[in-house]
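Engineer: Please find target_8.csv (CSV, N, CA and C atoms) on the next line:
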chain,number,residue,atom,x,y,z
A,176,MET,N,-1.8,-55.0,-14.0
A,176,MET,CA,-1.3,-54.3,-12.8
A,176,MET,C,-0.7,-55.4,-12.0
A,177,ALA,N,0.5,-55.1,-11.4
A,177,ALA,CA,1.2,-56.0,-10.6
A,177,ALA,C,1.5,-55.3,-9.2
A,178,LEU,N,1.3,-56.1,-8.2
A,178,LEU,CA,1.6,-55.6,-6.8
A,178,LEU,C,2.9,-56.3,-6.3
A,179,GLU,N,3.6,-55.6,-5.5
A,179,GLU,CA,4.8,-56.2,-5.0
A,179,GLU,C,4.8,-56.3,-3.5
A,180,LEU,N,5.3,-57.3,-3.0
A,180,LEU,CA,5.3,-57.5,-1.5
A,180,LEU,C,6.8,-57.7,-1.1
A,181,THR,N,7.3,-56.9,-0.2
A,181,THR,CA,8.7,-57.1,0.2
A,181,THR,C,8.7,-57.4,1.7
A,182,VAL,N,9.4,-58.4,2.1
A,182,VAL,CA,9.5,-58.8,3.5
A,182,VAL,C,10.9,-58.8,3.9
A,183,ASP,N,11.3,-58.1,5.0
A,183,ASP,CA,12.6,-58.1,5.5
A,183,ASP,C,12.8,-59.2,6.6
A,184,PHE,N,13.6,-60.2,6.2
A,184,PHE,CA,13.8,-61.3,7.2
A,184,PHE,C,15.1,-61.1,8.0
A,185,ALA,N,15.7,-60.0,7.9
A,185,ALA,CA,17.0,-59.7,8.6
A,185,ALA,C,16.9,-60.0,10.1
A,186,LYS,N,15.9,-59.5,10.8
A,186,LYS,CA,15.8,-59.6,12.2
A,186,LYS,C,15.5,-61.1,12.5
A,187,PHE,N,14.7,-61.8,11.7
A,187,PHE,CA,14.5,-63.2,11.9
A,187,PHE,C,15.7,-64.0,11.8
A,188,ARG,N,16.5,-63.7,10.7
A,188,ARG,CA,17.8,-64.4,10.5
A,188,ARG,C,18.7,-64.2,11.6
A,189,GLN,N,18.8,-62.9,12.1
A,189,GLN,CA,19.7,-62.6,13.3
A,189,GLN,C,19.3,-63.4,14.5
A,190,ALA,N,18.0,-63.5,14.8
A,190,ALA,CA,17.5,-64.2,15.9
A,190,ALA,C,17.7,-65.7,15.8
A,191,LEU,N,17.5,-66.2,14.6
A,191,LEU,CA,17.8,-67.6,14.3
A,191,LEU,C,19.3,-68.0,14.5
A,192,GLU,N,20.1,-67.1,14.0
A,192,GLU,CA,21.6,-67.4,14.2
A,192,GLU,C,22.0,-67.3,15.7
A,193,LYS,N,21.3,-66.4,16.4
A,193,LYS,CA,21.7,-66.2,17.8
A,193,LYS,C,21.0,-67.3,18.7
A,194,ALA,N,20.0,-68.0,18.3
A,194,ALA,CA,19.2,-68.9,19.1
A,194,ALA,C,20.1,-70.0,19.8
A,195,PRO,N,21.0,-70.7,19.1
A,195,PRO,CA,21.7,-71.7,19.8
A,195,PRO,C,22.6,-71.1,21.0
A,196,GLU,N,23.2,-70.0,20.8
A,196,GLU,CA,24.0,-69.4,21.8
A,196,GLU,C,23.1,-69.0,23.0
A,197,THR,N,21.9,-68.4,22.7
A,197,THR,CA,21.0,-68.0,23.7
A,197,THR,C,20.5,-69.2,24.5
A,198,VAL,N,20.2,-70.3,23.8
A,198,VAL,CA,19.7,-71.5,24.5
A,198,VAL,C,20.7,-72.1,25.4
A,199,PHE,N,21.9,-72.2,24.9
A,199,PHE,CA,23.0,-72.9,25.7
A,199,PHE,C,23.4,-72.0,26.9
A,200,ARG,N,23.4,-70.7,26.7
A,200,ARG,CA,23.7,-69.8,27.8
A,200,ARG,C,22.6,-69.9,28.9
A,201,ALA,N,21.4,-69.9,28.5
A,201,ALA,CA,20.3,-69.9,29.4
A,201,ALA,C,20.2,-71.3,30.1
A,202,ALA,N,20.5,-72.4,29.3
A,202,ALA,CA,20.5,-73.7,29.9
A,202,ALA,C,21.6,-73.8,31.0
A,203,LYS,N,22.8,-73.3,30.7
A,203,LYS,CA,23.9,-73.3,31.7
A,203,LYS,C,23.5,-72.6,32.9
A,204,ARG,N,22.9,-71.4,32.8
A,204,ARG,CA,22.5,-70.6,33.9
A,204,ARG,C,21.5,-71.3,34.7
A,205,GLY,N,20.5,-71.9,34.0
A,205,GLY,CA,19.4,-72.7,34.7
A,205,GLY,C,20.0,-73.9,35.4
A,206,MET,N,21.0,-74.6,34.8
A,206,MET,CA,21.6,-75.7,35.3
A,206,MET,C,22.4,-75.3,36.6
A,207,HIS,N,23.1,-74.2,36.6
A,207,HIS,CA,23.8,-73.7,37.8
A,207,HIS,C,22.8,-73.5,38.9
A,208,ASP,N,21.7,-72.9,38.6
A,208,ASP,CA,20.6,-72.6,39.6
A,208,ASP,C,20.1,-73.9,40.2
A,209,ALA,N,19.8,-74.8,39.3
A,209,ALA,CA,19.2,-76.1,39.8
A,209,ALA,C,20.2,-76.9,40.6
A,210,LEU,N,21.5,-76.9,40.2
A,210,LEU,CA,22.5,-77.6,41.0
A,210,LEU,C,22.8,-76.9,42.4
A,211,ASP,N,22.7,-75.6,42.4
A,211,ASP,CA,22.8,-74.9,43.7
A,211,ASP,C,21.7,-75.3,44.6
A,212,GLU,N,20.5,-75.4,44.1
A,212,GLU,CA,19.3,-75.8,44.9
A,212,GLU,C,19.5,-77.2,45.4
A,213,TRP,N,20.0,-78.1,44.5
A,213,TRP,CA,20.2,-79.5,44.8
A,213,TRP,C,21.2,-79.6,45.9
A,214,ARG,N,22.3,-78.9,45.8
A,214,ARG,CA,23.4,-78.9,46.8
A,214,ARG,C,22.8,-78.5,48.1
A,215,GLN,N,22.0,-77.4,48.1
A,215,GLN,CA,21.5,-76.9,49.4
A,215,GLN,C,20.5,-77.9,50.0
A,216,GLU,N,19.7,-78.5,49.2
A,216,GLU,CA,18.8,-79.5,49.8
A,216,GLU,C,19.6,-80.7,50.3
A,217,ALA,N,20.6,-81.2,49.6
A,217,ALA,CA,21.4,-82.3,50.1
A,217,ALA,C,22.1,-81.9,51.3
A,218,THR,N,22.7,-80.7,51.4
A,218,THR,CA,23.4,-80.3,52.6
A,218,THR,C,22.5,-80.2,53.8
A,219,ASP,N,21.2,-79.8,53.6
A,219,ASP,CA,20.3,-79.7,54.7
A,219,ASP,C,20.0,-81.1,55.3
A,220,ILE,N,20.0,-82.1,54.6
A,220,ILE,CA,19.6,-83.4,55.1
A,220,ILE,C,20.8,-84.4,55.2
A,221,ALA,N,22.0,-84.0,54.9
A,221,ALA,CA,23.2,-84.8,55.0
A,221,ALA,C,23.5,-85.0,56.5
A,222,PRO,N,23.9,-86.2,56.9
A,222,PRO,CA,24.3,-86.4,58.3
A,222,PRO,C,25.3,-85.4,58.7
A,223,LEU,N,25.2,-85.0,60.0
A,223,LEU,CA,26.0,-84.0,60.6
A,223,LEU,C,26.7,-84.5,61.8
A,224,ASP,N,27.9,-84.7,61.7
A,224,ASP,CA,28.7,-85.1,62.9
A,224,ASP,C,29.8,-84.1,63.1
A,225,LYS,N,30.8,-84.1,62.3
A,225,LYS,CA,31.8,-83.1,62.3
A,225,LYS,C,31.6,-82.0,61.3
A,226,GLY,N,30.7,-82.2,60.4
A,226,GLY,CA,30.5,-81.2,59.3
A,226,GLY,C,31.2,-81.5,58.0
A,227,THR,N,32.1,-82.5,58.1
A,227,THR,CA,33.0,-82.8,56.9
A,227,THR,C,32.1,-83.2,55.7
A,228,LEU,N,31.1,-84.0,55.9
A,228,LEU,CA,30.3,-84.5,54.8
A,228,LEU,C,29.5,-83.3,54.2
A,229,ARG,N,28.9,-82.5,55.0
A,229,ARG,CA,28.2,-81.3,54.4
A,229,ARG,C,29.1,-80.4,53.7
A,230,ARG,N,30.3,-80.2,54.2
A,230,ARG,CA,31.2,-79.3,53.5
A,230,ARG,C,31.7,-79.9,52.2
A,231,GLY,N,31.7,-81.2,52.1
A,231,GLY,CA,32.2,-81.9,50.9
A,231,GLY,C,31.2,-82.1,49.8
A,232,ILE,N,30.0,-81.5,49.9
A,232,ILE,CA,29.0,-81.6,48.8
A,232,ILE,C,29.3,-80.4,47.8
A,233,ASP,N,29.5,-80.8,46.6
A,233,ASP,CA,29.9,-79.8,45.6
A,233,ASP,C,29.1,-80.1,44.2
A,234,THR,N,29.2,-79.1,43.4
A,234,THR,CA,28.5,-79.2,42.1
A,234,THR,C,29.5,-78.9,41.0
A,235,ARG,N,29.2,-79.3,39.8
A,235,ARG,CA,30.0,-79.0,38.6
A,235,ARG,C,29.2,-79.2,37.4
A,236,ILE,N,29.6,-78.5,36.3
A,236,ILE,CA,29.0,-78.6,35.0
A,236,ILE,C,30.1,-78.9,34.1
A,237,ASP,N,30.0,-80.0,33.3
A,237,ASP,CA,31.0,-80.3,32.3
A,237,ASP,C,30.4,-80.2,30.9
A,238,GLY,N,31.2,-79.9,29.9
A,238,GLY,CA,30.8,-79.8,28.6
A,238,GLY,C,30.1,-78.5,28.2
A,239,ASP,N,29.7,-78.5,27.0
A,239,ASP,CA,29.0,-77.3,26.5
A,239,ASP,C,27.9,-77.7,25.5
A,240,GLY,N,26.9,-76.9,25.3
A,240,GLY,CA,25.9,-77.1,24.4
A,240,GLY,C,25.1,-78.4,24.7
A,241,LEU,N,25.0,-79.2,23.7
A,241,LEU,CA,24.2,-80.4,23.8
A,241,LEU,C,24.9,-81.5,24.7
A,242,ASP,N,26.1,-81.3,24.9
A,242,ASP,CA,26.9,-82.3,25.8
A,242,ASP,C,27.1,-81.8,27.2
A,243,MET,N,26.3,-80.8,27.6
A,243,MET,CA,26.4,-80.3,29.0
A,243,MET,C,25.8,-81.2,30.0
A,244,VAL,N,26.6,-81.5,31.1
A,244,VAL,CA,26.1,-82.4,32.1
A,244,VAL,C,26.4,-81.8,33.5
A,245,GLY,N,25.4,-81.7,34.3
A,245,GLY,CA,25.6,-81.2,35.7
A,245,GLY,C,25.6,-82.3,36.7
A,246,GLU,N,26.4,-82.2,37.7
A,246,GLU,CA,26.4,-83.2,38.7
A,246,GLU,C,26.6,-82.6,40.1
A,247,VAL,N,26.1,-83.3,41.1
A,247,VAL,CA,26.3,-83.0,42.5
A,247,VAL,C,27.0,-84.2,43.1
A,248,SER,N,28.1,-84.0,43.8
A,248,SER,CA,28.9,-85.1,44.4
A,248,SER,C,29.2,-84.7,45.8
A,249,ALA,N,29.6,-85.8,46.5
A,249,ALA,CA,30.0,-85.6,47.9
A,249,ALA,C,31.2,-86.4,48.2
A,250,VAL,N,32.2,-85.8,48.9
A,250,VAL,CA,33.4,-86.5,49.3
A,250,VAL,C,33.6,-86.1,50.8
A,251,ALA,N,33.8,-87.1,51.6
A,251,ALA,CA,34.1,-86.9,53.0
A,251,ALA,C,35.1,-88.0,53.4
A,252,ILE,N,36.4,-87.6,53.4
A,252,ILE,CA,37.4,-88.6,53.7
A,252,ILE,C,37.6,-88.7,55.2
A,253,GLU,N,37.5,-89.9,55.7
A,253,GLU,CA,37.7,-90.2,57.1
A,253,GLU,C,38.8,-91.2,57.3
A,254,ASP,N,39.3,-91.2,58.5
A,254,ASP,CA,40.3,-92.2,58.9
A,254,ASP,C,39.6,-93.3,59.7
A,255,SER,N,39.6,-94.5,59.2
A,255,SER,CA,38.8,-95.6,59.9
A,255,SER,C,39.6,-96.3,60.9
A,256,GLY,N,40.9,-96.0,61.0
A,256,GLY,CA,41.8,-96.8,61.9
A,256,GLY,C,42.5,-97.9,61.1
A,257,ARG,N,41.9,-98.2,59.9
A,257,ARG,CA,42.5,-99.2,59.0
A,257,ARG,C,42.8,-98.5,57.7
A,258,GLY,N,42.8,-97.2,57.7
A,258,GLY,CA,43.1,-96.5,56.5
A,258,GLY,C,42.0,-95.4,56.2
A,259,ARG,N,42.3,-94.6,55.2
A,259,ARG,CA,41.3,-93.5,54.9
A,259,ARG,C,40.3,-94.1,53.9
A,260,PHE,N,39.1,-93.6,54.0
A,260,PHE,CA,38.0,-94.0,53.1
A,260,PHE,C,37.0,-92.9,52.9
A,261,ASN,N,36.3,-92.9,51.8
A,261,ASN,CA,35.3,-91.9,51.5
A,261,ASN,C,34.0,-92.2,52.3
A,262,TYR,N,33.8,-91.6,53.4
A,262,TYR,CA,32.6,-91.8,54.2
A,262,TYR,C,31.3,-91.4,53.5
A,263,ALA,N,31.4,-90.4,52.6
A,263,ALA,CA,30.2,-90.0,51.9
A,263,ALA,C,29.7,-91.1,51.0
A,264,TYR,N,30.6,-91.7,50.3
A,264,TYR,CA,30.3,-92.9,49.4
A,264,TYR,C,29.8,-94.0,50.2
A,265,TYR,N,30.5,-94.4,51.3
A,265,TYR,CA,30.1,-95.5,52.1
A,265,TYR,C,28.7,-95.3,52.6
A,266,LEU,N,28.4,-94.1,53.2
A,266,LEU,CA,27.1,-93.9,53.7
A,266,LEU,C,26.0,-93.9,52.7
A,267,HIS,N,26.2,-93.2,51.5
A,267,HIS,CA,25.2,-93.1,50.5
A,267,HIS,C,25.0,-94.4,49.7
A,268,GLU,N,26.1,-95.0,49.3
A,268,GLU,CA,26.0,-96.2,48.4
A,268,GLU,C,26.0,-97.5,49.1
A,269,VAL,N,26.7,-97.7,50.2
A,269,VAL,CA,26.9,-99.0,50.8
A,269,VAL,C,25.9,-99.2,52.0
A,270,LYS,N,26.0,-98.3,52.9
A,270,LYS,CA,25.1,-98.4,54.1
A,270,LYS,C,23.7,-98.1,53.8
A,271,GLY,N,23.4,-96.9,53.1
A,271,GLY,CA,22.1,-96.6,52.6
A,271,GLY,C,21.0,-96.2,53.6
A,272,ALA,N,21.3,-96.4,54.8
A,272,ALA,CA,20.3,-96.0,55.8
A,272,ALA,C,20.9,-95.6,57.2
A,273,ILE,N,20.3,-94.8,57.9
A,273,ILE,CA,20.8,-94.4,59.3
A,273,ILE,C,19.7,-94.8,60.3
A,274,GLN,N,20.1,-95.8,61.1
A,274,GLN,CA,19.1,-96.2,62.1
A,274,GLN,C,18.8,-95.2,63.2
A,275,ASN,N,19.9,-94.6,63.8
A,275,ASN,CA,19.7,-93.7,64.9
A,275,ASN,C,20.6,-92.4,64.6
A,276,PRO,N,20.1,-91.5,63.7
A,276,PRO,CA,20.9,-90.4,63.4
A,276,PRO,C,21.2,-89.5,64.6
A,277,THR,N,22.5,-89.0,64.6
A,277,THR,CA,22.8,-88.1,65.7
A,277,THR,C,22.1,-86.7,65.5
A,278,THR,N,21.7,-86.4,64.3
A,278,THR,CA,21.0,-85.2,64.0
A,278,THR,C,19.7,-85.6,63.4
A,279,PRO,N,18.5,-85.3,64.0
A,279,PRO,CA,17.2,-85.7,63.5
A,279,PRO,C,17.0,-85.1,62.1
A,280,GLY,N,16.3,-85.8,61.2
A,280,GLY,CA,16.0,-85.3,59.9
A,280,GLY,C,17.1,-85.6,58.9
A,281,THR,N,18.2,-86.2,59.3
A,281,THR,CA,19.3,-86.4,58.3
A,281,THR,C,19.0,-87.8,57.6
A,282,GLU,N,19.6,-87.9,56.4
A,282,GLU,CA,19.4,-89.1,55.6
A,282,GLU,C,20.7,-89.6,55.0
A,283,ALA,N,20.8,-90.9,54.9
A,283,ALA,CA,22.0,-91.5,54.2
A,283,ALA,C,22.0,-91.2,52.7
A,284,LYS,N,20.8,-91.2,52.1
A,284,LYS,CA,20.7,-90.9,50.7
A,284,LYS,C,20.4,-89.5,50.4
A,285,PHE,N,21.3,-88.6,51.0
A,285,PHE,CA,21.2,-87.2,51.0
A,285,PHE,C,21.2,-86.6,49.6
A,286,LEU,N,21.9,-87.3,48.6
A,286,LEU,CA,21.9,-86.8,47.3
A,286,LEU,C,20.7,-87.2,46.5
A,287,GLU,N,20.3,-88.5,46.7
A,287,GLU,CA,19.2,-89.1,45.9
A,287,GLU,C,17.8,-88.5,46.3
A,288,ILE,N,17.6,-88.3,47.6
A,288,ILE,CA,16.3,-87.9,48.0
A,288,ILE,C,15.9,-86.5,47.4
A,289,PRO,N,16.7,-85.5,47.4
A,289,PRO,CA,16.3,-84.2,46.8
A,289,PRO,C,16.2,-84.4,45.2
A,290,ALA,N,17.0,-85.2,44.6
A,290,ALA,CA,16.9,-85.5,43.2
A,290,ALA,C,15.5,-86.0,42.8
A,291,LYS,N,15.1,-87.0,43.6
A,291,LYS,CA,13.7,-87.6,43.3
A,291,LYS,C,12.6,-86.7,43.6
A,292,LYS,N,12.8,-85.9,44.7
A,292,LYS,CA,11.7,-85.0,45.1
A,292,LYS,C,11.6,-83.7,44.2
A,293,TYR,N,12.7,-83.2,43.7
A,293,TYR,CA,12.7,-81.9,43.0
A,293,TYR,C,13.2,-82.0,41.6
A,294,GLY,N,13.6,-83.2,41.1
A,294,GLY,CA,14.2,-83.3,39.8
A,294,GLY,C,13.4,-82.8,38.7
A,295,LYS,N,12.1,-83.1,38.7
A,295,LYS,CA,11.2,-82.6,37.6
A,295,LYS,C,11.0,-81.1,37.7
A,296,LYS,N,11.0,-80.5,38.9
A,296,LYS,CA,10.9,-79.1,39.1
A,296,LYS,C,12.1,-78.4,38.5
A,297,TRP,N,13.3,-79.0,38.8
A,297,TRP,CA,14.5,-78.4,38.3
A,297,TRP,C,14.6,-78.4,36.8
A,298,ALA,N,14.1,-79.5,36.2
A,298,ALA,CA,14.1,-79.6,34.7
A,298,ALA,C,13.2,-78.5,34.2
A,299,ARG,N,12.0,-78.3,34.8
A,299,ARG,CA,11.1,-77.2,34.4
A,299,ARG,C,11.7,-75.9,34.5
A,300,ASP,N,12.5,-75.7,35.6
A,300,ASP,CA,13.1,-74.4,35.9
A,300,ASP,C,14.1,-74.1,34.8
A,301,ILE,N,14.9,-75.1,34.3
A,301,ILE,CA,15.9,-74.9,33.3
A,301,ILE,C,15.1,-74.6,32.0
A,302,GLU,N,14.1,-75.3,31.7
A,302,GLU,CA,13.3,-75.0,30.5
A,302,GLU,C,12.7,-73.6,30.5
A,303,ASN,N,12.2,-73.2,31.6
A,303,ASN,CA,11.7,-71.8,31.8
A,303,ASN,C,12.8,-70.8,31.6
A,304,GLU,N,14.0,-71.0,32.1
A,304,GLU,CA,15.1,-70.1,31.9
A,304,GLU,C,15.4,-69.9,30.4
A,305,ILE,N,15.3,-71.0,29.6
A,305,ILE,CA,15.5,-71.0,28.2
A,305,ILE,C,14.4,-70.2,27.5
A,306,LYS,N,13.2,-70.5,27.9
A,306,LYS,CA,12.0,-69.8,27.3
A,306,LYS,C,12.1,-68.3,27.5
A,307,VAL,N,12.5,-67.9,28.7
A,307,VAL,CA,12.6,-66.4,29.1
A,307,VAL,C,13.7,-65.8,28.2
A,308,GLU,N,14.8,-66.4,28.1
A,308,GLU,CA,15.9,-65.9,27.2
A,308,GLU,C,15.5,-65.8,25.8
A,309,LEU,N,14.9,-66.8,25.3
A,309,LEU,CA,14.4,-66.8,23.9
A,309,LEU,C,13.4,-65.7,23.6
A,310,LYS,N,12.5,-65.5,24.6
A,310,LYS,CA,11.5,-64.5,24.5
A,310,LYS,C,12.1,-63.1,24.4
A,311,LYS,N,13.2,-62.9,25.2
A,311,LYS,CA,13.9,-61.6,25.2
A,311,LYS,C,14.5,-61.4,23.8
A,312,ASP,N,14.8,-62.5,23.1
A,312,ASP,CA,15.4,-62.4,21.7
A,312,ASP,C,14.3,-62.3,20.6
A,313,GLY,N,13.1,-62.3,21.0
A,313,GLY,CA,12.0,-62.1,20.1
A,313,GLY,C,11.3,-63.4,19.7
A,314,TRP,N,11.6,-64.5,20.3
A,314,TRP,CA,10.9,-65.8,20.0
A,314,TRP,C,9.6,-65.9,20.7
Could you take the file, read its structure, and then write that structure out as structure tokens?

Structural biologist:
Amino acid sequence: MALELTVDFAKFRQALEKAPETVFRAAKRGMHDALDEWRQEATDIAPLDKGTLRRGIDTRIDGDGLDMVGEVSAVAIEDSGRGRFNYAYYLHEVKGAIQNPTTPGTEAKFLEIPAKKYGKKWARDIENEIKVELKKDGW
């Protein structure tokens, strides 16, 4: 007497084929969310004089899949009397500190401080976004 066992792996195969697309789509969405939070945190503590610096904080995602990179940057072009220069770069990378801020609670390292404070949380948020999407696909 012989018994036969039949297993249909079609759904598994479909989920497996779809997994990379699901992961990358979820990672990109999670990255956008993390970058939006980073931009908001940076904007909240960026020096405020004319508002140029805060308006100049922006995000972008380059690449796709395994080569995806997200960044937050700041540009605030000012006229120094000796020419134009990027005040955001000068403040963040050269000066590095504000002795007497015109607005209390502002920081020269407005990009770096939120990254150090929330970077691990944002990485977990991206991972969780991927987990949620994979779970929807049956993983």

Engineer: Step by step: start from the point (25.4, -73.5, 33.9) in the file's coordinates, keep every protein, DNA or RNA residue that has an atom no farther than 12 Å from it, count only C-alpha atoms, and write the set as a count of residues only.

Structural biologist: 28

Engineer: Which one is closest to Tyr262 (chain A): A:Thr278, A:Gln215, A:Ser248, A:Thr227? Count only C-alpha atoms.

Structural biologist: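 Distance minimum relative to Tyr262 (chain A) lands on A:Thr227.
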
Engineer: Name the closest residue to Pro222 (chain A) among the candidates A:Gly280, A:Val307, A:Leu191, A:Asp300; distances are taken between atoms, counting only N, CA and C atoms.

Structural biologist: A:Gly280

Engineer: Quick check, in Å to one decimal: how far apart do atom N of Arg259 (chain A) and atom C of Pro279 (chain A) lie?

Structural biologist: 27.9 Å

Engineer: Go through A:Pro276, A:Met176, A:Lys311, A:Asn303 and flag the residue nearest Leu223 (chain A), using only N, CA and C atoms for the distances.

Structural biologist: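 Of the candidates, the smallest distance to Leu223 (chain A) is held by A:Pro276.
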
Engineer: Running DSSP on the backbone, which parts of chain A land in helix (DSSP H, G or I), as a PyMOL selection string?

Structural biologist: chain A and resi 185-220+227-230+240-242+262-270+287-311

Engineer: Between A:Arg230, A:Glu216, A:Ala251, A:Tyr265, which has the minimum distance to Lys292 (chain A) (counting only C-alpha atoms)?

Structural biologist: A:Glu216

Engineer: Can you work out which one of A:Ile232, A:Ala177, A:Ala272, A:Leu241 has the shortest atom-to-atom distance to Leu286 (chain A), counting only C-alpha atoms?

Structural biologist: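 Of A:Ile232, A:Ala177, A:Ala272, A:Leu241, the one nearest Leu286 (chain A) is A:Ile232, counting only C-alpha atoms.
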
Engineer: Separation of CA of Glu253 (chain A) and atom N of Pro289 (chain A), in Å?

Structural biologist: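 Calculated distance between CA of Glu253 (chain A) and atom N of Pro289 (chain A) is 23.6 Å.
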
Engineer: One number please: atom N of Phe187 (chain A) to CA of Leu309 (chain A), in Å, one decimal.

Structural biologist: 13.2 Å

Engineer: Using DSSP assignments from the backbone, pull out every residue in region 188-278 of chain A that falls under strand (DSSP E) and give it to me as JSON, numbers by chain.

Structural biologist: {"A": [232, 233, 234, 235, 236, 237, 244, 245, 246, 247, 248, 249, 252, 253, 254, 259, 260, 261]}
